[in-house]
file protein_4.cif (mmCIF, C-alpha atoms and all ligand atoms)
data_run
loop_
_atom_site.label_atom_id
_atom_site.label_comp_id
_atom_site.auth_asym_id
_atom_site.auth_seq_id
_atom_site.Cartn_x
_atom_site.Cartn_y
_atom_site.Cartn_z
CA MET A 1 115.47 102.92 96.33
CA LYS A 2 113.96 101.29 99.40
CA ILE A 3 111.36 98.96 97.94
CA LEU A 4 108.69 97.09 99.90
CA VAL A 5 107.40 93.86 98.37
CA ILE A 6 104.12 92.63 99.88
CA GLY A 7 103.53 88.87 99.85
CA SER A 8 105.26 85.63 100.75
CA GLY A 9 105.31 83.37 97.71
CA GLY A 10 107.60 82.38 94.86
CA ARG A 11 106.42 85.40 92.89
CA GLU A 12 107.50 87.76 95.65
CA HIS A 13 110.85 86.00 96.07
CA ALA A 14 111.45 86.38 92.32
CA ILE A 15 110.53 90.09 92.37
CA ALA A 16 112.73 90.72 95.41
CA TRP A 17 115.59 88.77 93.80
CA ARG A 18 115.42 90.82 90.61
CA LEU A 19 115.15 94.18 92.41
CA ALA A 20 118.03 93.27 94.76
CA LEU A 21 120.16 92.36 91.71
CA GLU A 22 119.54 95.89 90.46
CA GLY A 23 121.09 97.21 93.66
CA HIS A 24 118.00 98.29 95.59
CA GLU A 25 117.33 97.76 99.28
CA ILE A 26 114.39 95.37 99.54
CA PHE A 27 111.96 94.74 102.37
CA CYS A 28 109.38 91.95 102.27
CA LEU A 29 106.15 91.76 104.20
CA PRO A 30 105.84 89.07 105.42
CA GLY A 31 108.35 87.38 103.06
CA ASN A 32 109.66 83.86 103.49
CA PRO A 33 113.01 82.12 104.14
CA GLY A 34 113.93 82.67 100.48
CA THR A 35 113.24 86.40 100.43
CA ALA A 36 115.35 86.62 103.61
CA GLN A 37 118.38 85.79 101.41
CA VAL A 38 117.92 88.90 99.26
CA ALA A 39 115.84 91.21 101.44
CA THR A 40 114.89 92.10 104.99
CA ASN A 41 111.61 90.48 106.00
CA GLN A 42 110.21 93.46 107.79
CA MET A 43 107.70 96.29 107.38
CA ILE A 44 109.02 99.78 106.73
CA ASP A 45 106.98 102.94 107.07
CA ASP A 46 108.70 105.03 104.40
CA PRO A 47 109.33 102.92 101.28
CA ASP A 48 110.18 104.81 98.10
CA LEU A 49 108.09 102.26 96.24
CA THR A 50 105.78 99.37 97.14
CA VAL A 51 104.94 96.40 94.92
CA VAL A 52 102.03 94.14 95.83
CA GLY A 53 102.21 90.46 94.85
CA PRO A 54 99.01 88.66 95.83
CA GLU A 55 95.39 89.55 95.21
CA ALA A 56 94.15 89.54 98.82
CA PRO A 57 95.77 92.84 99.94
CA LEU A 58 94.72 94.46 96.63
CA VAL A 59 91.13 93.37 97.11
CA ALA A 60 91.36 94.69 100.69
CA GLY A 61 92.33 98.13 99.35
CA VAL A 62 96.05 98.41 100.15
CA VAL A 63 96.69 100.61 97.09
CA ASP A 64 94.03 103.12 98.10
CA GLN A 65 95.47 103.24 101.64
CA TYR A 66 99.07 103.77 100.50
CA ARG A 67 98.08 106.44 97.99
CA ALA A 68 96.09 108.25 100.68
CA ARG A 69 99.36 108.42 102.63
CA GLY A 70 101.19 109.83 99.60
CA LEU A 71 103.22 106.64 99.03
CA ALA A 72 104.14 105.32 95.58
CA ILE A 73 102.65 101.87 95.00
CA VAL A 74 102.19 99.55 92.02
CA GLY A 75 98.76 97.92 91.94
CA PRO A 76 95.08 98.51 91.22
CA THR A 77 92.53 100.26 93.40
CA GLN A 78 90.13 98.19 95.46
CA GLN A 79 87.45 98.93 92.89
CA ALA A 80 89.58 97.77 89.94
CA ALA A 81 90.58 94.65 91.89
CA GLN A 82 86.96 93.48 91.53
CA LEU A 83 88.01 92.28 88.07
CA GLU A 84 89.68 89.39 89.87
CA ALA A 85 87.69 89.22 93.10
CA SER A 86 84.38 88.42 91.42
CA LYS A 87 84.00 86.31 88.27
CA ILE A 88 80.43 87.58 87.88
CA TYR A 89 81.65 91.20 87.98
CA SER A 90 84.47 90.38 85.59
CA LYS A 91 82.30 88.60 83.04
CA GLU A 92 79.69 91.39 83.13
CA PHE A 93 82.47 93.93 82.68
CA MET A 94 83.73 92.04 79.61
CA ARG A 95 80.23 91.87 78.16
CA ARG A 96 79.66 95.60 78.78
CA VAL A 97 82.98 96.70 77.30
CA GLY A 98 82.87 94.18 74.44
CA ILE A 99 85.94 92.12 75.36
CA PRO A 100 85.96 88.65 73.72
CA THR A 101 85.28 85.90 76.25
CA ALA A 102 83.44 82.58 76.55
CA ARG A 103 79.62 82.71 76.38
CA PHE A 104 78.31 82.50 79.95
CA LEU A 105 75.40 82.59 82.35
CA GLN A 106 75.64 83.83 85.91
CA VAL A 107 73.54 82.16 88.58
CA GLU A 108 73.00 82.76 92.28
CA SER A 109 71.14 79.62 93.35
CA LEU A 110 71.67 75.89 93.02
CA GLU A 111 68.36 75.45 91.17
CA LYS A 112 69.29 78.08 88.57
CA GLY A 113 72.77 76.60 88.30
CA LEU A 114 71.43 73.14 87.53
CA ALA A 115 68.87 74.55 85.09
CA ALA A 116 71.53 76.68 83.34
CA LEU A 117 73.42 73.53 82.36
CA ASP A 118 70.71 72.93 79.74
CA GLN A 119 72.03 75.91 77.80
CA PHE A 120 75.50 74.41 77.24
CA GLU A 121 77.18 71.49 75.57
CA TYR A 122 79.80 69.30 77.25
CA PRO A 123 82.39 69.78 78.47
CA VAL A 124 81.08 72.81 80.35
CA VAL A 125 82.99 75.11 82.70
CA VAL A 126 81.70 75.88 86.21
CA LYS A 127 83.35 78.73 88.14
CA THR A 128 82.79 79.91 91.67
CA ASP A 129 82.25 83.68 91.92
CA GLY A 130 84.85 84.60 94.53
CA LEU A 131 88.61 84.20 95.03
CA ALA A 132 89.68 80.55 95.18
CA ALA A 133 93.48 80.46 94.67
CA GLY A 134 93.08 78.90 91.23
CA LYS A 135 90.92 76.10 92.58
CA GLY A 136 87.41 77.46 91.98
CA VAL A 137 86.98 76.15 88.44
CA ILE A 138 85.74 72.69 87.46
CA ILE A 139 85.41 71.44 83.91
CA GLY A 140 82.50 68.99 83.79
CA LYS A 141 82.83 66.52 80.96
CA ASP A 142 79.25 65.31 81.25
CA ARG A 143 76.00 66.23 82.98
CA GLN A 144 76.82 64.22 86.10
CA GLU A 145 80.19 65.94 86.62
CA ALA A 146 78.71 69.34 85.85
CA GLU A 147 75.91 68.87 88.41
CA ALA A 148 78.44 67.79 91.01
CA ALA A 149 80.50 70.92 90.22
CA VAL A 150 77.46 73.18 90.58
CA ILE A 151 76.71 71.63 93.96
CA SER A 152 80.28 71.80 95.26
CA LEU A 153 81.14 75.33 93.97
CA GLY A 154 77.73 77.04 94.17
CA PRO A 155 75.49 78.86 94.72
CA ARG A 156 77.09 82.00 93.16
CA LEU A 157 78.53 80.78 89.89
CA VAL A 158 79.51 81.57 86.35
CA ILE A 159 78.73 78.72 83.96
CA GLU A 160 80.41 79.05 80.61
CA GLU A 161 81.22 77.54 77.29
CA PHE A 162 84.39 75.42 77.08
CA LEU A 163 87.01 77.04 74.87
CA VAL A 164 89.58 75.07 72.91
CA GLY A 165 93.04 76.40 72.19
CA GLU A 166 96.44 77.21 73.57
CA GLU A 167 96.29 78.92 76.98
CA VAL A 168 98.57 81.94 77.45
CA SER A 169 99.19 84.30 80.35
CA PHE A 170 99.42 87.83 78.94
CA ILE A 171 100.37 90.42 81.55
CA VAL A 172 100.81 94.14 81.12
CA LEU A 173 101.96 96.89 83.45
CA SER A 174 99.74 99.96 83.27
CA ASP A 175 100.10 103.43 84.78
CA GLY A 176 96.42 104.17 84.16
CA LYS A 177 96.93 105.26 80.54
CA ASN A 178 100.15 103.86 79.14
CA VAL A 179 100.70 100.13 78.95
CA VAL A 180 103.88 98.08 78.79
CA PRO A 181 103.36 94.41 77.89
CA LEU A 182 105.48 91.76 79.57
CA GLU A 183 106.65 88.72 77.66
CA ALA A 184 103.94 86.09 77.26
CA THR A 185 104.18 83.01 79.47
CA GLN A 186 102.45 79.68 79.64
CA ASP A 187 101.34 78.25 82.97
CA HIS A 188 100.52 74.59 83.70
CA LYS A 189 97.41 74.68 85.88
CA ALA A 190 96.55 71.02 86.32
CA VAL A 191 98.39 69.06 89.00
CA GLY A 192 99.41 66.16 86.76
CA ASP A 193 101.47 65.58 83.64
CA GLY A 194 99.59 66.03 80.37
CA ASP A 195 97.19 68.49 82.10
CA THR A 196 95.50 65.77 84.14
CA GLY A 197 93.96 65.98 87.61
CA PRO A 198 92.52 68.96 89.46
CA ASN A 199 93.57 72.57 88.86
CA THR A 200 96.12 74.26 91.09
CA GLY A 201 97.46 77.80 91.38
CA GLY A 202 100.02 76.71 88.76
CA MET A 203 102.55 73.88 88.70
CA GLY A 204 105.12 75.52 86.46
CA ALA A 205 105.57 78.05 83.70
CA TYR A 206 107.84 78.91 80.85
CA CYS A 207 108.64 82.14 79.10
CA ASP A 208 109.78 82.14 75.50
CA GLY A 209 109.53 84.93 72.94
CA ARG A 210 107.71 82.61 70.54
CA ILE A 211 104.63 81.92 72.67
CA LEU A 212 102.67 84.66 70.88
CA SER A 213 103.20 86.13 67.42
CA ALA A 214 103.42 89.89 67.01
CA GLY A 215 100.00 89.70 65.34
CA ASP A 216 98.43 87.92 68.29
CA ILE A 217 99.98 90.39 70.73
CA GLY A 218 98.53 93.24 68.69
CA LYS A 219 95.09 91.62 68.73
CA ILE A 220 95.16 91.10 72.50
CA LEU A 221 96.31 94.66 73.11
CA ASP A 222 93.59 96.06 70.84
CA THR A 223 90.63 93.86 71.81
CA VAL A 224 91.36 93.13 75.48
CA ILE A 225 93.96 95.31 77.18
CA GLU A 226 93.22 98.67 75.65
CA PRO A 227 89.44 98.53 76.26
CA ALA A 228 89.94 97.21 79.81
CA VAL A 229 92.47 99.90 80.76
CA ARG A 230 90.41 102.64 79.11
CA ALA A 231 87.22 101.60 80.92
CA THR A 232 88.81 101.32 84.38
CA GLY A 233 91.92 103.52 84.35
CA PHE A 234 93.62 100.37 85.59
CA THR A 235 96.95 100.79 87.39
CA GLY A 236 99.38 97.97 88.17
CA PHE A 237 99.73 94.56 86.59
CA LEU A 238 96.74 93.40 84.57
CA TYR A 239 96.90 89.70 83.81
CA ALA A 240 94.71 88.45 81.00
CA GLY A 241 94.40 84.68 81.08
CA MET A 242 93.87 84.09 77.36
CA MET A 243 92.67 81.18 75.27
CA MET A 244 94.00 81.42 71.72
CA THR A 245 90.96 79.93 69.96
CA ALA A 246 90.35 79.35 66.26
CA GLY A 247 88.02 82.37 66.50
CA GLY A 248 90.74 84.63 67.93
CA PRO A 249 92.03 85.38 71.44
CA LYS A 250 89.40 85.15 74.20
CA VAL A 251 89.72 86.01 77.89
CA LEU A 252 89.38 83.15 80.40
CA GLU A 253 89.89 85.43 83.37
CA PHE A 254 91.42 88.68 84.53
CA ASN A 255 93.82 88.82 87.44
CA VAL A 256 94.89 92.16 88.87
CA ARG A 257 98.46 91.17 89.70
CA LEU A 258 101.43 89.26 88.41
CA GLY A 259 100.95 85.51 87.97
CA ASP A 260 102.63 82.89 90.07
CA PRO A 261 104.59 80.87 88.85
CA GLU A 262 104.70 83.02 85.68
CA THR A 263 106.62 85.78 87.45
CA GLN A 264 109.38 83.39 88.49
CA ALA A 265 110.07 82.67 84.82
CA LEU A 266 109.54 86.32 83.82
CA MET A 267 112.01 87.77 86.32
CA HIS A 268 114.73 85.59 84.79
CA ARG A 269 114.25 87.30 81.46
CA VAL A 270 114.10 90.96 82.54
CA ASP A 271 117.01 92.77 80.90
CA ASP A 272 116.33 96.32 81.96
CA ASP A 273 115.81 98.64 84.89
CA PHE A 274 112.75 96.86 86.31
CA ALA A 275 112.67 99.06 89.42
CA GLY A 276 112.68 102.19 87.26
CA THR A 277 109.79 100.85 85.20
CA LEU A 278 107.83 100.06 88.37
CA ALA A 279 108.48 103.56 89.72
CA ARG A 280 107.29 105.13 86.47
CA ALA A 281 104.18 102.94 86.56
CA ALA A 282 103.41 104.24 90.04
CA SER A 283 103.87 107.89 89.01
CA GLY A 284 102.00 107.71 85.68
CA ASP A 285 105.10 108.10 83.50
CA LEU A 286 105.46 104.73 81.73
CA LYS A 287 107.17 105.03 78.36
CA PRO A 288 105.71 102.92 75.56
CA GLY A 289 108.13 100.15 74.60
CA GLU A 290 110.16 100.21 77.80
CA LEU A 291 111.29 96.98 79.48
CA LYS A 292 113.72 94.89 77.46
CA TRP A 293 113.91 91.10 77.70
CA LYS A 294 116.75 88.64 77.42
CA SER A 295 116.31 86.29 74.50
CA GLU A 296 117.07 83.13 76.51
CA PRO A 297 113.88 81.26 77.45
CA SER A 298 113.22 80.43 81.09
CA VAL A 299 111.36 77.67 82.89
CA CYS A 300 109.97 77.36 86.43
CA VAL A 301 109.09 73.94 87.85
CA VAL A 302 106.97 74.06 91.00
CA MET A 303 107.71 71.44 93.65
CA ALA A 304 104.57 70.87 95.71
CA ALA A 305 103.92 69.34 99.12
CA ALA A 306 102.12 66.09 99.85
CA GLY A 307 98.39 66.50 99.26
CA TYR A 308 98.48 69.68 97.16
CA PRO A 309 96.07 70.96 95.79
CA GLY A 310 93.92 69.20 98.43
CA ASN A 311 94.73 69.03 102.13
CA VAL A 312 98.43 69.80 102.36
CA ARG A 313 100.82 68.16 104.80
CA THR A 314 103.40 70.58 106.18
CA GLY A 315 106.53 70.23 108.32
CA ASP A 316 108.48 67.95 105.95
CA HIS A 317 112.20 68.59 106.09
CA ILE A 318 113.69 69.97 102.83
CA THR A 319 117.19 69.19 101.57
CA LEU A 320 118.36 71.45 98.78
CA GLU A 321 121.65 69.90 97.75
CA GLU A 322 121.43 66.14 97.91
CA GLU A 323 120.84 64.02 94.86
CA PRO A 324 119.12 60.74 95.69
CA PRO A 325 120.64 58.18 93.29
CA GLU A 326 117.33 56.59 92.38
CA ARG A 327 116.05 59.78 90.73
CA ARG A 328 116.93 60.64 87.17
CA LEU A 329 116.19 63.34 84.62
CA PRO A 330 112.95 62.66 82.73
CA ALA A 331 113.67 60.36 79.80
CA GLY A 332 114.50 62.06 76.54
CA MET A 333 115.61 65.32 78.16
CA PRO A 334 118.83 66.84 76.88
CA ALA A 335 121.75 67.23 79.28
CA PRO A 336 121.89 70.42 81.34
CA GLN A 337 123.67 73.46 79.90
CA ASP A 338 125.04 76.55 81.54
CA GLY A 339 122.24 78.75 82.82
CA GLN A 340 121.35 80.64 85.93
CA LEU A 341 119.43 78.51 88.36
CA GLN A 342 117.35 80.13 91.07
CA ILE A 343 115.34 78.31 93.68
CA PHE A 344 112.48 80.57 94.64
CA HIS A 345 110.79 79.82 97.94
CA ALA A 346 107.02 79.76 98.39
CA GLY A 347 105.64 77.41 101.08
CA THR A 348 108.80 77.08 103.16
CA GLY A 349 109.45 77.80 106.80
CA ILE A 350 112.19 77.28 109.33
CA GLY A 351 111.57 74.42 111.77
CA GLN A 352 113.74 72.67 114.33
CA ARG A 353 115.68 70.77 111.68
CA GLY A 354 116.02 73.75 109.37
CA LEU A 355 114.10 74.36 106.16
CA GLU A 356 110.73 72.63 105.99
CA THR A 357 107.50 72.70 104.00
CA SER A 358 104.84 75.15 105.18
CA GLY A 359 102.43 75.35 102.25
CA GLY A 360 101.16 73.70 99.07
CA ARG A 361 103.56 75.08 96.50
CA VAL A 362 106.91 74.78 98.24
CA LEU A 363 109.65 75.81 95.80
CA GLY A 364 109.86 77.18 92.26
CA VAL A 365 112.98 75.85 90.59
CA THR A 366 113.72 78.33 87.84
CA ALA A 367 116.39 78.39 85.16
CA SER A 368 117.13 79.84 81.78
CA GLY A 369 118.95 78.21 78.90
CA ALA A 370 120.25 78.95 75.43
CA ASP A 371 117.01 77.54 74.08
CA LEU A 372 113.81 76.15 75.59
CA ALA A 373 115.11 72.58 75.74
CA GLY A 374 118.18 73.86 77.58
CA ALA A 375 116.11 75.88 80.03
CA ILE A 376 113.94 72.82 80.75
CA ALA A 377 117.01 70.65 81.29
CA ASN A 378 118.58 73.22 83.60
CA ALA A 379 115.42 73.58 85.69
CA TYR A 380 115.00 69.81 86.07
CA ALA A 381 118.68 69.41 86.93
CA GLY A 382 117.94 71.82 89.80
CA VAL A 383 114.85 69.83 90.80
CA GLU A 384 116.94 66.67 90.98
CA LYS A 385 119.00 68.12 93.81
CA ILE A 386 116.02 68.80 96.05
CA TYR A 387 114.26 66.34 98.28
CA PHE A 388 111.41 66.38 100.77
CA ASP A 389 109.01 63.63 101.76
CA GLY A 390 105.77 63.73 99.78
CA MET A 391 107.12 66.12 97.14
CA HIS A 392 105.57 66.04 93.71
CA TYR A 393 106.06 68.05 90.56
CA ARG A 394 105.16 67.88 86.90
CA ARG A 395 107.73 66.38 84.58
CA ASP A 396 106.42 68.06 81.44
CA ILE A 397 106.78 71.78 82.14
CA GLY A 398 107.59 73.54 78.87
CA ARG A 399 106.89 70.46 76.78
CA LYS A 400 104.03 72.27 75.06
CA GLY A 401 106.56 74.71 73.65
CA LEU A 402 108.89 71.91 72.62
CA LYS A 403 105.99 70.27 70.86
CA ARG A 404 105.05 73.42 68.97
CA TRP A 405 108.54 74.48 67.98
CA TYR A 406 110.61 71.32 67.86
CA ASN A 407 107.99 68.71 67.02
CA LEU A 408 108.63 66.69 70.17
CA SER A 409 106.03 64.73 72.05
CA ALA A 410 104.15 66.87 74.59
CA SER A 411 103.17 63.96 76.76
CA GLY A 412 106.51 63.85 78.42
CA THR A 413 108.32 61.23 80.33
P1 LIG A 501 90.19 80.67 85.53
O1 LIG A 501 90.47 80.76 86.99
O2 LIG A 501 88.90 81.28 85.15
O3 LIG A 501 91.33 81.11 84.66
O4 LIG A 501 90.10 79.11 85.22
C1 LIG A 501 91.13 78.23 85.63
C2 LIG A 501 91.53 77.36 84.48
O5 LIG A 501 90.41 76.61 84.00
C3 LIG A 501 92.03 78.11 83.27
O6 LIG A 501 93.38 78.43 83.42
C4 LIG A 501 91.77 77.13 82.16
O7 LIG A 501 92.77 76.13 82.12
C5 LIG A 501 90.49 76.49 82.58
N1 LIG A 501 89.35 77.21 82.00
C6 LIG A 501 88.67 78.24 82.54
N2 LIG A 501 87.70 78.67 81.74
C7 LIG A 501 87.72 77.88 80.66
C8 LIG A 501 86.95 77.82 79.43
N3 LIG A 501 85.92 78.64 79.22
N4 LIG A 501 87.29 76.88 78.53
C9 LIG A 501 88.31 76.03 78.75
N5 LIG A 501 89.05 76.03 79.87
C10 LIG A 501 88.79 76.94 80.81
N1 LIG A 502 99.39 81.07 87.73
C1 LIG A 502 98.11 81.62 87.65
C2 LIG A 502 97.88 82.76 88.50
O1 LIG A 502 98.78 83.37 89.03
O2 LIG A 502 96.72 83.12 88.68
#
call {"tool": "encode", "arguments": {"input": "protein_4.cif", "output": "structure tokens"}}
result
Amino acid sequence: MKILVIGSGGREHAIAWRLALEGHEIFCLPGNPGTAQVATNQMIDDPDLTVVGPEAPLVAGVVDQYRARGLAIVGPTQQAAQLEASKIYSKEFMRRVGIPTARFLQVESLEKGLAALDQFEYPVVVKTDGLAAGKGVIIGKDRQEAEAAVISLGPRLVIEEFLVGEEVSFIVLSDGKNVVPLEATQDHKAVGDGDTGPNTGGMGAYCDGRILSAGDIGKILDTVIEPAVRATGFTGFLYAGMMMTAGGPKVLEFNVRLGDPETQALMHRVDDDFAGTLARAASGDLKPGELKWKSEPSVCVVMAAAGYPGNVRTGDHITLEEEPPERRLPAGMPAPQDGQLQIFHAGTGIGQRGLETSGGRVLGVTASGADLAGAIANAYAGVEKIYFDGMHYRRDIGRKGLKRWYNLSASGT
């Protein structure tokens, strides 16, 4: 098939990489220097199938436009994309359909936002209504922080109860009726080790068959995915950002696309005809239970540019192969094993000296391993070979899994 992948991040490089491995001819719009290694970065008018990565084209209605031209495309309609585009819409949808989520109030003025804080305990969660690339949420630990959040993110806000639990990205592919769940992944949203510092679009992810039990998957399908798909006829990838609370799984947010960096870890584990599954999703013919996964866990470590998630400096030269002697594997990490290593490009460009940084999240260093510890070691061994001025990355990606399953310290280095 000739497949068009829309987007230019690590997610799109990972999708293009997987589909090219399956022998398809891939085009990326606009793509990046990484996708150029596995695809042609160019628009085509007659793709057999189109896959949309980021939310912006979905919210702008690209799926409706392609369908009107009779083209097969994987993604939600502009209307269904409101589930991600507006937190107020999304929370009201969950309330209407009865999907478990944090108790919330929606406000549309600063005064109401400040007054609404009285209805919550601390910490409290303040969310801006519109798209914010993962940066529109502030957790206020006391009144002062919460007021500052209302002022900086307002006036259109959702203010909600803080949920405690393990956070899991649960993504399904839907053809409008039939749903195929992907393997669960865990993202690391905060910029710093131990989940400290401001939120980002995601600093790394891991994918391991043990993240959710079969019982939890069943609960999420029954209480979240099934009602959401039934109410909207959702097509494409529906991403439920879940909190696994003591009171059961609750939705933090819906996204209407694959996650990034989650997809970089997920594509490593696909052990099936992914292109065929995508084509069946676009034509309404998904088969329950399709899409097999490799058992080996995978890990993606995001290497970010100076300043991210604030004001990002770009134009720093990237070396992919050198190993500065002063840098070592994080302490306590096992030695690397055999495992595929892929460096997915996100914020990279070609400058006068070659590869350089062009965005906040620069590279997603992704590897699998015989077990989670091995996958982590392999990914960080890949990270060690990369250098650019100002680079920073978390040293504890996947440690949460190690802590749960191997009793190791989650705090890292
Ligand atoms: P969202 O964009 O709504 O997923 O929020 C971004 C991040 O903020 C989530 O991935 C969580 O880490 C955190 N978060 C959002 N809502 C809550 C909540 N109600 N309780 C605890 N943490 C939350
Ligand atoms: N990594 C979180 C997201 O894609 O929204």
call {"tool": "residues_near_ligand", "arguments": {"input": "protein_4.cif", "ligand": "ligand LIG 501 (chain A)", "cutoff": "10 Å", "atoms": "all atoms listed in the file", "output": "PDB file with C-alpha atoms, in the coordinates of the input"}}
result
ATOM      1  CA  GLU A  84      89.680  89.390  89.870  1.00  0.00           C
ATOM      2  CA  LYS A  87      84.000  86.310  88.270  1.00  0.00           C
ATOM      3  CA  THR A 101      85.280  85.900  76.250  1.00  0.00           C
ATOM      4  CA  ALA A 102      83.440  82.580  76.550  1.00  0.00           C
ATOM      5  CA  ARG A 103      79.620  82.710  76.380  1.00  0.00           C
ATOM      6  CA  PHE A 104      78.310  82.500  79.950  1.00  0.00           C
ATOM      7  CA  PRO A 123      82.390  69.780  78.470  1.00  0.00           C
ATOM      8  CA  VAL A 124      81.080  72.810  80.350  1.00  0.00           C
ATOM      9  CA  VAL A 125      82.990  75.110  82.700  1.00  0.00           C
ATOM     10  CA  VAL A 126      81.700  75.880  86.210  1.00  0.00           C
ATOM     11  CA  LYS A 127      83.350  78.730  88.140  1.00  0.00           C
ATOM     12  CA  THR A 128      82.790  79.910  91.670  1.00  0.00           C
ATOM     13  CA  ASP A 129      82.250  83.680  91.920  1.00  0.00           C
ATOM     14  CA  LEU A 131      88.610  84.200  95.030  1.00  0.00           C
ATOM     15  CA  ALA A 132      89.680  80.550  95.180  1.00  0.00           C
ATOM     16  CA  ALA A 133      93.480  80.460  94.670  1.00  0.00           C
ATOM     17  CA  GLY A 134      93.080  78.900  91.230  1.00  0.00           C
ATOM     18  CA  LYS A 135      90.920  76.100  92.580  1.00  0.00           C
ATOM     19  CA  GLY A 136      87.410  77.460  91.980  1.00  0.00           C
ATOM     20  CA  VAL A 137      86.980  76.150  88.440  1.00  0.00           C
ATOM     21  CA  ILE A 138      85.740  72.690  87.460  1.00  0.00           C
ATOM     22  CA  ILE A 139      85.410  71.440  83.910  1.00  0.00           C
ATOM     23  CA  VAL A 158      79.510  81.570  86.350  1.00  0.00           C
ATOM     24  CA  ILE A 159      78.730  78.720  83.960  1.00  0.00           C
ATOM     25  CA  GLU A 160      80.410  79.050  80.610  1.00  0.00           C
ATOM     26  CA  GLU A 161      81.220  77.540  77.290  1.00  0.00           C
ATOM     27  CA  PHE A 162      84.390  75.420  77.080  1.00  0.00           C
ATOM     28  CA  LEU A 163      87.010  77.040  74.870  1.00  0.00           C
ATOM     29  CA  VAL A 164      89.580  75.070  72.910  1.00  0.00           C
ATOM     30  CA  GLY A 165      93.040  76.400  72.190  1.00  0.00           C
ATOM     31  CA  GLU A 166      96.440  77.210  73.570  1.00  0.00           C
ATOM     32  CA  GLU A 167      96.290  78.920  76.980  1.00  0.00           C
ATOM     33  CA  VAL A 168      98.570  81.940  77.450  1.00  0.00           C
ATOM     34  CA  SER A 169      99.190  84.300  80.350  1.00  0.00           C
ATOM     35  CA  GLN A 186     102.450  79.680  79.640  1.00  0.00           C
ATOM     36  CA  ASP A 187     101.340  78.250  82.970  1.00  0.00           C
ATOM     37  CA  HIS A 188     100.520  74.590  83.700  1.00  0.00           C
ATOM     38  CA  LYS A 189      97.410  74.680  85.880  1.00  0.00           C
ATOM     39  CA  ALA A 190      96.550  71.020  86.320  1.00  0.00           C
ATOM     40  CA  ASP A 195      97.190  68.490  82.100  1.00  0.00           C
ATOM     41  CA  PRO A 198      92.520  68.960  89.460  1.00  0.00           C
ATOM     42  CA  ASN A 199      93.570  72.570  88.860  1.00  0.00           C
ATOM     43  CA  THR A 200      96.120  74.260  91.090  1.00  0.00           C
ATOM     44  CA  GLY A 201      97.460  77.800  91.380  1.00  0.00           C
ATOM     45  CA  GLY A 202     100.020  76.710  88.760  1.00  0.00           C
ATOM     46  CA  ALA A 240      94.710  88.450  81.000  1.00  0.00           C
ATOM     47  CA  GLY A 241      94.400  84.680  81.080  1.00  0.00           C
ATOM     48  CA  MET A 242      93.870  84.090  77.360  1.00  0.00           C
ATOM     49  CA  MET A 243      92.670  81.180  75.270  1.00  0.00           C
ATOM     50  CA  THR A 245      90.960  79.930  69.960  1.00  0.00           C
ATOM     51  CA  LYS A 250      89.400  85.150  74.200  1.00  0.00           C
ATOM     52  CA  VAL A 251      89.720  86.010  77.890  1.00  0.00           C
ATOM     53  CA  LEU A 252      89.380  83.150  80.400  1.00  0.00           C
ATOM     54  CA  GLU A 253      89.890  85.430  83.370  1.00  0.00           C
ATOM     55  CA  PHE A 254      91.420  88.680  84.530  1.00  0.00           C
ATOM     56  CA  ASN A 255      93.820  88.820  87.440  1.00  0.00           C
TER      57      ASN A 255
END
call {"tool": "atom_distance", "arguments": {"input": "protein_4.cif", "atom1": "CA of Gly259 (chain A)", "atom2": "CA of Ala379 (chain A)"}}
result
18.9 Å
call {"tool": "closest_residue", "arguments": {"input": "protein_4.cif", "among": "A:Gly347, A:Pro261, A:Gly113, A:Gly70", "to": "ligand LIG 502 (chain A)", "atoms": "only C-alpha atoms and all ligand atoms"}}
result
A:Pro261
call {"tool": "closest_residue", "arguments": {"input": "protein_4.cif", "among": "A:Val74, A:Val302, A:Lys141, A:Val150", "to": "ligand LIG 502 (chain A)", "atoms": "all atoms listed in the file"}}
result
A:Val302
call {"tool": "axis_aligned_box", "arguments": {"input": "protein_4.cif", "around": "ligand LIG 502 (chain A)", "padding_each_side": "6 Å", "output": "JSON"}}
result
{"center_x": 98.1, "center_y": 82.2, "center_z": 88.3, "size_x": 14.7, "size_y": 14.3, "size_z": 13.4}
call {"tool": "closest_residue", "arguments": {"input": "protein_4.cif", "among": "A:Val299, A:Met203, A:Val52, A:Ala214", "to": "ligand LIG 502 (chain A)", "atoms": "all atoms listed in the file"}}
result
A:Met203
call {"tool": "closest_residue", "arguments": {"input": "protein_4.cif", "among": "A:Val256, A:Val383, A:Leu286, A:Val362", "to": "ligand LIG 502 (chain A)", "atoms": "all atoms listed in the file"}}
result
A:Val256
call {"tool": "residues_near_point", "arguments": {"input": "protein_4.cif", "point": "(114.2, 66.5, 104.7)", "cutoff": "9 Å", "atoms": "all atoms listed in the file", "output": "short mmCIF file (atom, residue, chain, number, x, y, z; two decimals) with C-alpha atoms, keeping the file's coordinate frame"}}
result
data_model
loop_
_atom_site.label_atom_id
_atom_site.label_comp_id
_atom_site.auth_asym_id
_atom_site.auth_seq_id
_atom_site.Cartn_x
_atom_site.Cartn_y
_atom_site.Cartn_z
CA ASP A 316 108.48 67.95 105.95
CA HIS A 317 112.20 68.59 106.09
CA ILE A 318 113.69 69.97 102.83
CA THR A 319 117.19 69.19 101.57
CA LEU A 320 118.36 71.45 98.78
CA ARG A 353 115.68 70.77 111.68
CA GLY A 354 116.02 73.75 109.37
CA LEU A 355 114.10 74.36 106.16
CA GLU A 356 110.73 72.63 105.99
CA TYR A 387 114.26 66.34 98.28
CA PHE A 388 111.41 66.38 100.77
CA ASP A 389 109.01 63.63 101.76
#
